[in-house]
Amino acid sequence: METKQFPDNFLWGVATSAYQIEGAPLADGAGPSDWHQFTRENGRIVDGGNGDVACDHYNRYDDDIRLIAELGVGAYRFSVSWSRIFPQGVGPKNPKGLDFYDRLVDGLLARGIEPFLTLHHWDLPAALAARGGWLNRDSSEWFGEYAHTLFRALKDRVRFWTTHNEPWVVMHNGYVKGVHPPGRADLSQAATTAHNLLRAHGRAVQAFRADPTGKIGVVVNLEPKDPASGDPRDIAAANAADAYMNRFFLDPLLLGSYPKELPPLFGAAWPAFPEDDMRLIREPFDYLGVNYYTRSVNRADPAVAPDGAAPVRQQDSTYTEMGWEVHSQGLARTLLWLKQRYGDIALFVTENGAAFADPPEERGAIRDHARVDYLRGHLRAAHQAIGEGVNLQGYFVWSLFDNFEWTFGYTKRFGVLGVDFATQRRTPKLSAEFYRETVGSRGRNLFT
Ligand code: FCB
């Protein structure tokens, strides 16, 4: 009988990001980030929360590494806070900021955990935001310099590097919906931001190649866009939504041009980008990270800019606390679609997980059955995709901890470890136990 298991060398991990867990944002000479400032503006965050303390990981990292090790995982995906390294974004470095990540990396390696490092998971030095942030064409040089500094400091120990996490969200939430910094709604700025994020990625990849070791990639958020009906208008809206979210960044990165749908969707707001930039953007990289949470079903609605697609709730589906449909098959579809459209590039699922209202702790246990079901379904879908020939090399649960969920503050819990934010006590949930078994059996437990 065929045993259903993941490959031997499959990388199992858990994921976090700097601003969401570290706390102590100004410690040891760090400069403020745009998120530090944004959370101080009235009404930006639903519960008024911010990253001042978060999971206090900056102080507790050593204990936290032990908790990661107890999960039995082989890798930990985290991000670096740029403004700890360069308090002003560029110019003088802050050695103490670098020391923190140096100790973190050494601590991980001492326990046999592979560091999987993201350079930019949304927090930008406030000093650079004041100079236009990603709207400034110089941002690619700023980012290149920051990346180069980290490569020099950590490339001898860190094998896996990511340039950006979810650049689409930086663009869409920051410049279309205005719910992330800098809180704008301006399509032309959105397009320019996307373009400069892509240029910055290219610059960092070029700097990475100065020495031939290690792997570098980029992490995108993807979701299948299904039409709500067979009406040609709904079908066209779903296609536009697909171009806008799924192909906006991947087409230029891997095919060398923006999806043809985008200029008409943006109209006069679509800038005339210098043709030469496309060469920098297309700089070859080593792997693609996919953050997968849900799919969306869309109907045409011209009032929604820029893609004219409005999500429709599905009667018979389960939804998470984020209002995201649980749809595990969409993960297999997404992975297969990537292979078919972009070829056999190495893939990692760099985030997958769910926010649910967890039951209260009972005799030291949080029985988050809904999260276990969610993870089991998606891990099966990942396994299925491998069986169908997808080059999937690893999987990371979002998230190690309950943490600061951006606009939602501390109201949405994604962790496999529960965090009591009053005491900072961490409590493994049932999902932590489930994931430990999954890693230990290479997924055999998913099929029993
Ligand atoms: C992703 C982000 C991550 C977290 C999850 C829930 O979009 O990359 O930081 O917020 O969603």
# chains A, B, ... in the order shown; residues from 1 in each chain; ligands from 1
call {"tool": "closest_atom_pairs", "arguments": {"of": "chain A", "to": "ligand 1", "cutoff": "8 Å", "atoms": "only C-alpha atoms and all ligand atoms", "output": "JSON lines"}}
result
{"residue": "A:Thr16", "atom": "CA", "partner": "ligand 1", "partner_atom_place_in_ligand_line": "9 (O)", "distance": 7.0}
{"residue": "A:Ser17", "atom": "CA", "partner": "ligand 1", "partner_atom_place_in_ligand_line": "9 (O)", "distance": 6.2}
{"residue": "A:Gln20", "atom": "CA", "partner": "ligand 1", "partner_atom_place_in_ligand_line": "9 (O)", "distance": 7.3}
{"residue": "A:His121", "atom": "CA", "partner": "ligand 1", "partner_atom_place_in_ligand_line": "8 (O)", "distance": 7.1}
{"residue": "A:Asn165", "atom": "CA", "partner": "ligand 1", "partner_atom_place_in_ligand_line": "8 (O)", "distance": 6.2}
{"residue": "A:Glu166", "atom": "CA", "partner": "ligand 1", "partner_atom_place_in_ligand_line": "8 (O)", "distance": 6.1}
{"residue": "A:Val169", "atom": "CA", "partner": "ligand 1", "partner_atom_place_in_ligand_line": "7 (O)", "distance": 7.1}
{"residue": "A:Asn221", "atom": "CA", "partner": "ligand 1", "partner_atom_place_in_ligand_line": "7 (O)", "distance": 6.8}
{"residue": "A:Asn291", "atom": "CA", "partner": "ligand 1", "partner_atom_place_in_ligand_line": "1 (C)", "distance": 7.0}
{"residue": "A:Tyr293", "atom": "CA", "partner": "ligand 1", "partner_atom_place_in_ligand_line": "11 (O)", "distance": 7.9}
{"residue": "A:Glu351", "atom": "CA", "partner": "ligand 1", "partner_atom_place_in_ligand_line": "8 (O)", "distance": 7.2}
{"residue": "A:Gly353", "atom": "CA", "partner": "ligand 1", "partner_atom_place_in_ligand_line": "6 (C)", "distance": 7.5}
{"residue": "A:Ala354", "atom": "CA", "partner": "ligand 1", "partner_atom_place_in_ligand_line": "6 (C)", "distance": 7.4}
{"residue": "A:Ala355", "atom": "CA", "partner": "ligand 1", "partner_atom_place_in_ligand_line": "6 (C)", "distance": 7.7}
{"residue": "A:Trp398", "atom": "CA", "partner": "ligand 1", "partner_atom_place_in_ligand_line": "5 (C)", "distance": 6.7}
{"residue": "A:Ser399", "atom": "CA", "partner": "ligand 1", "partner_atom_place_in_ligand_line": "4 (C)", "distance": 7.9}
{"residue": "A:Glu405", "atom": "CA", "partner": "ligand 1", "partner_atom_place_in_ligand_line": "10 (O)", "distance": 5.3}
{"residue": "A:Trp406", "atom": "CA", "partner": "ligand 1", "partner_atom_place_in_ligand_line": "10 (O)", "distance": 6.4}
{"residue": "A:Phe414", "atom": "CA", "partner": "ligand 1", "partner_atom_place_in_ligand_line": "6 (C)", "distance": 7.0}
call {"tool": "residues_around", "arguments": {"residues": "His378 of chain A", "least_positions_apart": "4", "cutoff": "9 Å", "atoms": "only C-alpha atoms", "output": "ChimeraX atom specification"}}
result
/A:327-332,352-353,373-374,382-383
call {"tool": "residues_around", "arguments": {"residues": "Pro25 of chain A", "least_positions_apart": "5", "cutoff": "8 Å", "atoms": "only C-alpha atoms", "output": "PyMOL selection string"}}
result
chain A and resi 19+30-32+36+51-52+84
call {"tool": "closest_residue", "arguments": {"among": "A:Thr334, A:Asn239, A:Gln315, A:Gln206", "to": "Leu222 of chain A", "atoms": "only C-alpha atoms"}}
result
A:Thr334
call {"tool": "residues_around", "arguments": {"residues": "segment 312-314 of chain A", "least_positions_apart": "2", "cutoff": "10 Å", "atoms": "only C-alpha atoms", "output": "list in words"}}
result
Asp226, Pro227, Ala228, Ser296, Val297, Asn298, Arg299, Ala309, Ala310, Asp316, Ser317, Thr318, Tyr319, Gly323, Trp324 and Glu325 of chain A
call {"tool": "closest_atom_pairs", "arguments": {"of": "segment 181-216 of chain A", "to": "segment 242-263 of chain A", "cutoff": "12 Å", "atoms": "only C-alpha atoms", "output": "tab-separated table"}}
result
residue	atom	partner	partner_atom	distance
A:Leu187	CA	A:Pro263	CA	11.2
A:Ser188	CA	A:Pro263	CA	10.8
A:Ala190	CA	A:Tyr244	CA	11.6
A:Ala191	CA	A:Leu262	CA	9.5
A:Thr193	CA	A:Phe249	CA	11.5
A:Ala194	CA	A:Phe249	CA	7.7
A:His195	CA	A:Phe249	CA	8.7
A:Asn196	CA	A:Phe249	CA	11.2
A:Leu197	CA	A:Phe249	CA	9.3
A:Leu198	CA	A:Phe249	CA	7.4
A:Arg199	CA	A:Leu253	CA	9.7
A:Ala200	CA	A:Leu253	CA	11.7
A:His201	CA	A:Leu253	CA	9.2
A:Gly202	CA	A:Leu253	CA	8.7
A:Val205	CA	A:Leu253	CA	11.6
call {"tool": "select_by_dssp", "arguments": {"residues": "segment 198-427 of chain A", "states": "alpha helix (DSSP H)", "output": "JSON, numbers by chain"}}
result
{"A": [198, 199, 200, 201, 202, 203, 204, 205, 206, 207, 208, 232, 233, 234, 235, 236, 237, 238, 239, 240, 241, 242, 250, 251, 252, 253, 254, 262, 263, 264, 265, 266, 277, 278, 279, 280, 281, 329, 330, 331, 332, 333, 334, 335, 336, 337, 338, 339, 340, 341, 342, 369, 370, 371, 372, 373, 374, 375, 376, 377, 378, 379, 380, 381, 382, 383, 384, 385, 386, 387]}
